[in-house]
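Just structure21.pdb here, PDB, C-alpha atoms and all ligand atoms:
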```
ATOM      1  CA  MET A   1      40.402 -82.843-107.234  1.00  0.00           C
ATOM      2  CA  SER A   2      39.144 -80.186-104.942  1.00  0.00           C
ATOM      3  CA  VAL A   3      37.197 -76.984-104.757  1.00  0.00           C
ATOM      4  CA  LYS A   4      39.331 -73.889-104.158  1.00  0.00           C
ATOM      5  CA  GLN A   5      38.364 -70.688-102.450  1.00  0.00           C
ATOM      6  CA  ILE A   6      37.499 -67.820-104.809  1.00  0.00           C
ATOM      7  CA  VAL A   7      39.499 -64.614-104.380  1.00  0.00           C
ATOM      8  CA  MET A   8      37.035 -61.757-103.953  1.00  0.00           C
ATOM      9  CA  TYR A   9      37.525 -58.179-105.094  1.00  0.00           C
ATOM     10  CA  PRO A  10      39.356 -56.155-103.870  1.00  0.00           C
ATOM     11  CA  ASN A  11      42.594 -58.128-103.902  1.00  0.00           C
ATOM     12  CA  THR A  12      45.794 -57.064-105.667  1.00  0.00           C
ATOM     13  CA  ILE A  13      46.233 -60.461-107.335  1.00  0.00           C
ATOM     14  CA  LEU A  14      43.074 -59.767-109.354  1.00  0.00           C
ATOM     15  CA  GLU A  15      44.677 -56.666-110.880  1.00  0.00           C
ATOM     16  CA  GLU A  16      48.100 -58.029-111.763  1.00  0.00           C
ATOM     17  CA  LYS A  17      49.336 -59.276-115.117  1.00  0.00           C
ATOM     18  CA  CYS A  18      49.802 -63.049-114.873  1.00  0.00           C
ATOM     19  CA  THR A  19      52.962 -64.882-115.910  1.00  0.00           C
ATOM     20  CA  PRO A  20      53.071 -67.478-118.709  1.00  0.00           C
ATOM     21  CA  VAL A  21      53.034 -71.199-118.010  1.00  0.00           C
ATOM     22  CA  THR A  22      56.318 -72.844-119.007  1.00  0.00           C
ATOM     23  CA  VAL A  23      55.925 -76.338-117.543  1.00  0.00           C
ATOM     24  CA  PHE A  24      53.142 -78.680-118.630  1.00  0.00           C
ATOM     25  CA  ASP A  25      53.145 -81.351-115.958  1.00  0.00           C
ATOM     26  CA  LYS A  26      50.847 -83.314-113.653  1.00  0.00           C
ATOM     27  CA  LYS A  27      50.617 -80.329-111.346  1.00  0.00           C
ATOM     28  CA  LEU A  28      49.088 -78.296-114.177  1.00  0.00           C
ATOM     29  CA  VAL A  29      46.572 -81.076-114.894  1.00  0.00           C
ATOM     30  CA  ARG A  30      45.618 -81.178-111.212  1.00  0.00           C
ATOM     31  CA  LEU A  31      45.237 -77.396-111.190  1.00  0.00           C
ATOM     32  CA  LEU A  32      42.958 -77.449-114.259  1.00  0.00           C
ATOM     33  CA  ASN A  33      40.835 -80.149-112.645  1.00  0.00           C
ATOM     34  CA  ASP A  34      40.599 -78.121-109.424  1.00  0.00           C
ATOM     35  CA  MET A  35      39.647 -75.020-111.418  1.00  0.00           C
ATOM     36  CA  TYR A  36      36.877 -77.001-113.108  1.00  0.00           C
ATOM     37  CA  ASP A  37      35.528 -78.273-109.771  1.00  0.00           C
ATOM     38  CA  THR A  38      35.642 -74.741-108.378  1.00  0.00           C
ATOM     39  CA  MET A  39      33.868 -73.222-111.391  1.00  0.00           C
ATOM     40  CA  ILE A  40      31.096 -75.842-111.166  1.00  0.00           C
ATOM     41  CA  GLU A  41      30.766 -75.532-107.375  1.00  0.00           C
ATOM     42  CA  PHE A  42      30.212 -71.772-107.624  1.00  0.00           C
ATOM     43  CA  ASP A  43      28.013 -72.023-110.720  1.00  0.00           C
ATOM     44  CA  GLY A  44      30.327 -70.002-112.986  1.00  0.00           C
ATOM     45  CA  VAL A  45      30.795 -70.172-116.749  1.00  0.00           C
ATOM     46  CA  GLY A  46      34.510 -69.469-116.486  1.00  0.00           C
ATOM     47  CA  LEU A  47      37.389 -69.133-114.065  1.00  0.00           C
ATOM     48  CA  ALA A  48      40.875 -67.642-114.281  1.00  0.00           C
ATOM     49  CA  ALA A  49      43.870 -68.726-112.169  1.00  0.00           C
ATOM     50  CA  PRO A  50      44.191 -65.374-110.315  1.00  0.00           C
ATOM     51  CA  GLN A  51      40.656 -65.973-109.016  1.00  0.00           C
ATOM     52  CA  ILE A  52      42.044 -68.866-106.978  1.00  0.00           C
ATOM     53  CA  GLY A  53      45.112 -66.877-105.990  1.00  0.00           C
ATOM     54  CA  LEU A  54      47.516 -68.005-108.689  1.00  0.00           C
ATOM     55  CA  ASN A  55      49.415 -65.542-110.893  1.00  0.00           C
ATOM     56  CA  LYS A  56      49.462 -67.792-113.989  1.00  0.00           C
ATOM     57  CA  ARG A  57      48.081 -67.415-117.511  1.00  0.00           C
ATOM     58  CA  ILE A  58      45.502 -70.183-117.171  1.00  0.00           C
ATOM     59  CA  ALA A  59      41.740 -69.891-117.608  1.00  0.00           C
ATOM     60  CA  ILE A  60      38.813 -72.166-118.329  1.00  0.00           C
ATOM     61  CA  VAL A  61      35.411 -71.509-119.854  1.00  0.00           C
ATOM     62  CA  ASP A  62      32.367 -73.764-119.957  1.00  0.00           C
ATOM     63  CA  ILE A  63      29.015 -72.319-120.953  1.00  0.00           C
ATOM     64  CA  GLU A  64      27.452 -75.796-121.059  1.00  0.00           C
ATOM     65  CA  ASP A  65      27.275 -75.891-124.840  1.00  0.00           C
ATOM     66  CA  GLU A  66      28.582 -78.458-127.327  1.00  0.00           C
ATOM     67  CA  HIS A  67      32.164 -77.182-126.936  1.00  0.00           C
ATOM     68  CA  GLY A  68      32.460 -78.509-123.380  1.00  0.00           C
ATOM     69  CA  THR A  69      35.238 -77.071-121.244  1.00  0.00           C
ATOM     70  CA  ILE A  70      37.727 -74.852-123.056  1.00  0.00           C
ATOM     71  CA  GLU A  71      41.083 -74.889-121.292  1.00  0.00           C
ATOM     72  CA  MET A  72      43.248 -71.899-122.198  1.00  0.00           C
ATOM     73  CA  ILE A  73      46.881 -71.838-121.229  1.00  0.00           C
ATOM     74  CA  ASN A  74      48.880 -68.749-122.298  1.00  0.00           C
ATOM     75  CA  PRO A  75      45.950 -67.640-124.477  1.00  0.00           C
ATOM     76  CA  GLU A  76      46.243 -64.809-126.976  1.00  0.00           C
ATOM     77  CA  VAL A  77      43.500 -63.035-128.854  1.00  0.00           C
ATOM     78  CA  ILE A  78      44.447 -63.096-132.546  1.00  0.00           C
ATOM     79  CA  GLU A  79      41.263 -61.735-134.097  1.00  0.00           C
ATOM     80  CA  THR A  80      38.073 -59.985-133.068  1.00  0.00           C
ATOM     81  CA  SER A  81      35.133 -58.509-134.922  1.00  0.00           C
ATOM     82  CA  GLY A  82      31.669 -57.142-134.321  1.00  0.00           C
ATOM     83  CA  GLU A  83      30.216 -55.812-131.103  1.00  0.00           C
ATOM     84  CA  GLN A  84      27.767 -57.041-128.467  1.00  0.00           C
ATOM     85  CA  THR A  85      26.456 -55.416-125.285  1.00  0.00           C
ATOM     86  CA  ASP A  86      24.991 -57.683-122.629  1.00  0.00           C
ATOM     87  CA  PRO A  87      24.929 -58.203-118.856  1.00  0.00           C
ATOM     88  CA  GLU A  88      28.008 -59.781-117.329  1.00  0.00           C
ATOM     89  CA  GLY A  89      28.978 -60.993-113.888  1.00  0.00           C
ATOM     90  CA  CYS A  90      32.066 -62.459-112.193  1.00  0.00           C
ATOM     91  CA  LEU A  91      32.644 -64.973-109.398  1.00  0.00           C
ATOM     92  CA  SER A  92      34.980 -62.445-107.741  1.00  0.00           C
ATOM     93  CA  PHE A  93      32.130 -59.882-107.601  1.00  0.00           C
ATOM     94  CA  PRO A  94      29.155 -61.727-106.102  1.00  0.00           C
ATOM     95  CA  GLY A  95      25.839 -60.019-106.829  1.00  0.00           C
ATOM     96  CA  ILE A  96      27.347 -57.422-109.186  1.00  0.00           C
ATOM     97  CA  TYR A  97      26.105 -57.335-112.774  1.00  0.00           C
ATOM     98  CA  GLY A  98      26.539 -54.822-115.522  1.00  0.00           C
ATOM     99  CA  ASP A  99      26.335 -54.291-119.248  1.00  0.00           C
ATOM    100  CA  VAL A 100      29.673 -54.782-120.983  1.00  0.00           C
ATOM    101  CA  THR A 101      30.395 -54.170-124.662  1.00  0.00           C
ATOM    102  CA  ARG A 102      32.739 -56.709-126.222  1.00  0.00           C
ATOM    103  CA  PRO A 103      33.488 -58.049-129.704  1.00  0.00           C
ATOM    104  CA  SER A 104      30.862 -60.548-130.876  1.00  0.00           C
ATOM    105  CA  PHE A 105      33.506 -62.768-132.464  1.00  0.00           C
ATOM    106  CA  VAL A 106      36.902 -63.820-131.174  1.00  0.00           C
ATOM    107  CA  LYS A 107      39.646 -66.090-132.399  1.00  0.00           C
ATOM    108  CA  ILE A 108      42.301 -67.165-129.936  1.00  0.00           C
ATOM    109  CA  LYS A 109      45.392 -69.262-129.869  1.00  0.00           C
ATOM    110  CA  ALA A 110      46.377 -71.078-126.703  1.00  0.00           C
ATOM    111  CA  PHE A 111      47.887 -74.287-125.394  1.00  0.00           C
ATOM    112  CA  ASN A 112      45.963 -77.247-124.039  1.00  0.00           C
ATOM    113  CA  ARG A 113      46.866 -79.171-120.870  1.00  0.00           C
ATOM    114  CA  LYS A 114      49.325 -81.311-122.824  1.00  0.00           C
ATOM    115  CA  GLY A 115      51.193 -78.259-124.110  1.00  0.00           C
ATOM    116  CA  LYS A 116      49.772 -78.608-127.610  1.00  0.00           C
ATOM    117  CA  PRO A 117      48.967 -75.310-129.349  1.00  0.00           C
ATOM    118  CA  TYR A 118      45.488 -74.828-130.788  1.00  0.00           C
ATOM    119  CA  GLU A 119      43.289 -72.144-132.279  1.00  0.00           C
ATOM    120  CA  PHE A 120      39.665 -71.632-131.396  1.00  0.00           C
ATOM    121  CA  ALA A 121      36.969 -69.314-132.700  1.00  0.00           C
ATOM    122  CA  ALA A 122      33.791 -68.363-130.864  1.00  0.00           C
ATOM    123  CA  GLU A 123      30.935 -65.940-131.110  1.00  0.00           C
ATOM    124  CA  GLY A 124      28.158 -64.564-128.958  1.00  0.00           C
ATOM    125  CA  PHE A 125      28.102 -65.493-125.286  1.00  0.00           C
ATOM    126  CA  LEU A 126      31.011 -67.931-125.639  1.00  0.00           C
ATOM    127  CA  ALA A 127      33.181 -65.156-127.142  1.00  0.00           C
ATOM    128  CA  ARG A 128      32.160 -62.912-124.225  1.00  0.00           C
ATOM    129  CA  ALA A 129      33.113 -65.538-121.636  1.00  0.00           C
ATOM    130  CA  ILE A 130      36.491 -66.195-123.298  1.00  0.00           C
ATOM    131  CA  LEU A 131      37.328 -62.484-123.487  1.00  0.00           C
ATOM    132  CA  HIS A 132      36.264 -61.960-119.854  1.00  0.00           C
ATOM    133  CA  GLU A 133      38.613 -64.724-118.687  1.00  0.00           C
ATOM    134  CA  ILE A 134      41.553 -63.594-120.835  1.00  0.00           C
ATOM    135  CA  ASP A 135      41.078 -60.077-119.395  1.00  0.00           C
ATOM    136  CA  HIS A 136      41.586 -61.606-115.919  1.00  0.00           C
ATOM    137  CA  LEU A 137      45.041 -62.807-116.994  1.00  0.00           C
ATOM    138  CA  ASP A 138      45.990 -59.197-117.716  1.00  0.00           C
ATOM    139  CA  GLY A 139      44.536 -57.964-114.434  1.00  0.00           C
ATOM    140  CA  ILE A 140      41.589 -56.351-116.212  1.00  0.00           C
ATOM    141  CA  LEU A 141      38.303 -56.658-114.332  1.00  0.00           C
ATOM    142  CA  PHE A 142      34.896 -56.482-115.995  1.00  0.00           C
ATOM    143  CA  THR A 143      33.867 -53.628-113.716  1.00  0.00           C
ATOM    144  CA  THR A 144      36.331 -51.371-115.579  1.00  0.00           C
ATOM    145  CA  LYS A 145      34.243 -52.008-118.719  1.00  0.00           C
ATOM    146  CA  VAL A 146      30.710 -51.791-117.312  1.00  0.00           C
ATOM    147  CA  SER A 147      28.619 -49.150-119.060  1.00  0.00           C
ATOM    148  CA  ARG A 148      25.601 -49.603-116.765  1.00  0.00           C
ATOM    149  CA  TYR A 149      25.134 -51.587-113.555  1.00  0.00           C
ATOM    150  CA  ILE A 150      22.094 -53.841-113.353  1.00  0.00           C
ATOM    151  CA  GLU A 151      20.052 -54.599-110.231  1.00  0.00           C
ATOM    152  CA  ALA A 152      19.550 -58.291-109.412  1.00  0.00           C
ATOM    153  CA  GLU A 153      15.780 -57.864-109.773  1.00  0.00           C
ATOM    154  CA  GLU A 154      16.146 -56.503-113.276  1.00  0.00           C
ATOM    155  CA  LEU A 155      18.427 -59.399-114.182  1.00  0.00           C
ATOM    156  CA  GLU A 156      15.827 -61.901-112.978  1.00  0.00           C
ATOM    157  CA  ARG A 157      13.263 -60.206-115.214  1.00  0.00           C
ATOM    158  CA  LEU A 158      15.672 -60.439-118.157  1.00  0.00           C
ATOM    159  CA  ASP A 159      16.260 -64.128-117.415  1.00  0.00           C
ATOM    160  CA  GLU A 160      12.551 -64.818-117.487  1.00  0.00           C
ATOM    161  CA  GLU A 161      12.118 -63.193-120.885  1.00  0.00           C
TER
HETATM  162 ZN    ZN B   1      35.574 -62.882-113.777  1.00  0.00          ZN
END
```

Would you mind writing the file's structure down as structure tokens?
Amino acid sequence: MSVKQIVMYPNTILEEKCTPVTVFDKKLVRLLNDMYDTMIEFDGVGLAAPQIGLNKRIAIVDIEDEHGTIEMINPEVIETSGEQTDPEGCLSFPGIYGDVTRPSFVKIKAFNRKGKPYEFAAEGFLARAILHEIDHLDGILFTTKVSRYIEAEELERLDEE
């Protein structure tokens, strides 16, 4: 396992549609493990393959709740409902935060590292993180959805509340 370098904006790979995974092998397992190490190293709650320079439909999310790490391979959003507006950030945009409106509930289907399909439903911050990462796989960056940018100082105040 190893920590990869994060691709910073601007970089064309961050704005491309990623290609589906077709082979579920040891290389994929290694990649998922590396993505986990990288996400933890840089203190993120999610990471998508293009953020480490790979044009593949693979993303992980871990908001340190009871769900642990959610590994999404070829994920698809099958249902959304509600609406939430909250500050969001991205490892590819260090120091940039902004309010983003997203559904408050999401249901996805995806494959796990063994190639087994599964469905998963989430709400609140976990739904936000999942939708942010799936956006990455379509080359959609959170900055295209920001309604208001937030200064770091303001974010610290919000954190303390
Ligand atoms: Zn991101």

CA of Ala121 (chain A) to CA of Glu76 (chain A), straight-line distance in Å: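 Distance reported for this atom pair: 11.8 Å.
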
Within-12 Å shell of (28.2, -74.5, -106.8) in input frame, all atoms listed in the file, as a VMD selection string: chain A and resid 3 to 6 36 to 45 91

Given the PyMOL selection byres (((chain A and resi 52-64) around 9) and not hetatm), the residues it picks as a PyMOL selection string: chain A and resi 4-7+13-14+16-21+32+35-36+38-39+44-51+65-75+125-126+129-130+133-134+136-138

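Counting all atoms listed in the file, the residue from A:Arg128, A:Lys109, A:Arg148, A:Lys114 that sits nearest to Gly82 (chain A) is A:Arg128.
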
Distance criterion (all atoms listed in the file): nearest to ligand ZN 1 (chain B) out of A:Phe105, A:Phe93, A:Phe120, A:Phe24: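 Ranking A:Phe105, A:Phe93, A:Phe120, A:Phe24 by distance to ligand ZN 1 (chain B), first place goes to A:Phe93.
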
The PyMOL selection byres (((chain A and resi 78) around 6) and not hetatm) applied to the shown file, residues as an NGL selection string: :A and (77 or 79 or 107-108)

Selected residue of minimal separation from Pro103 (chain A) among A:Val29, A:Glu151, A:Ser81, A:Val146, counting only C-alpha atoms: A:Ser81

9 Å contact set for Thr143 (chain A), all atoms listed in the file, chain neighbours under 3 positions out, as a ChimeraX atom specification: /A:89,93,96-98,100,140,146-147,149

Among the residues A:Glu156, A:Ala110, A:Cys90, A:Gly115, the one that comes closest to ligand ZN 1 (chain B) [using all atoms listed in the file]: A:Cys90

Shortest interatomic distance to ligand ZN 1 (chain B) - which of A:Ala122, A:Leu131, A:Leu141, A:Val23, counting all atoms listed in the file: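 Under the stated criterion, the closest residue is A:Leu141.
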
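You can rank A:Ser92, A:Thr80, A:Thr12, A:Thr101 by their closest distance to ligand ZN 1 (chain B) using only C-alpha atoms and all ligand atoms, and at the top of that list sits A:Ser92.
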
Please write out, as JSON, where the centre of an axis-aligned box around all listed atoms of region 3-12 of chain A lies and how long its edges are, in Å to one decimal, after adding 6 Å on each side.
```
{"center_x": 41.4, "center_y": -66.6, "center_z": -104.1, "size_x": 20.8, "size_y": 32.8, "size_z": 15.2}
```

Interatomic distance (Å, one decimal) between CA of Ala127 (chain A) and CA of Arg102 (chain A):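 About the pair CA of Ala127 (chain A) and CA of Arg102 (chain A): they are 8.5 Å apart.
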
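Going from CA of Asp34 (chain A) over to CA of Gly124 (chain A), you cover 26.8 Å.
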
Selection result of the PyMOL selection byres (((chain A and resi 87) around 6) and not hetatm) on this file, as a list of chain:residue names: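 In the shown coordinates, the PyMOL selection byres (((chain A and resi 87) around 6) and not hetatm) covers A:Asp86, A:Glu88, A:Gly98, A:Asp99.
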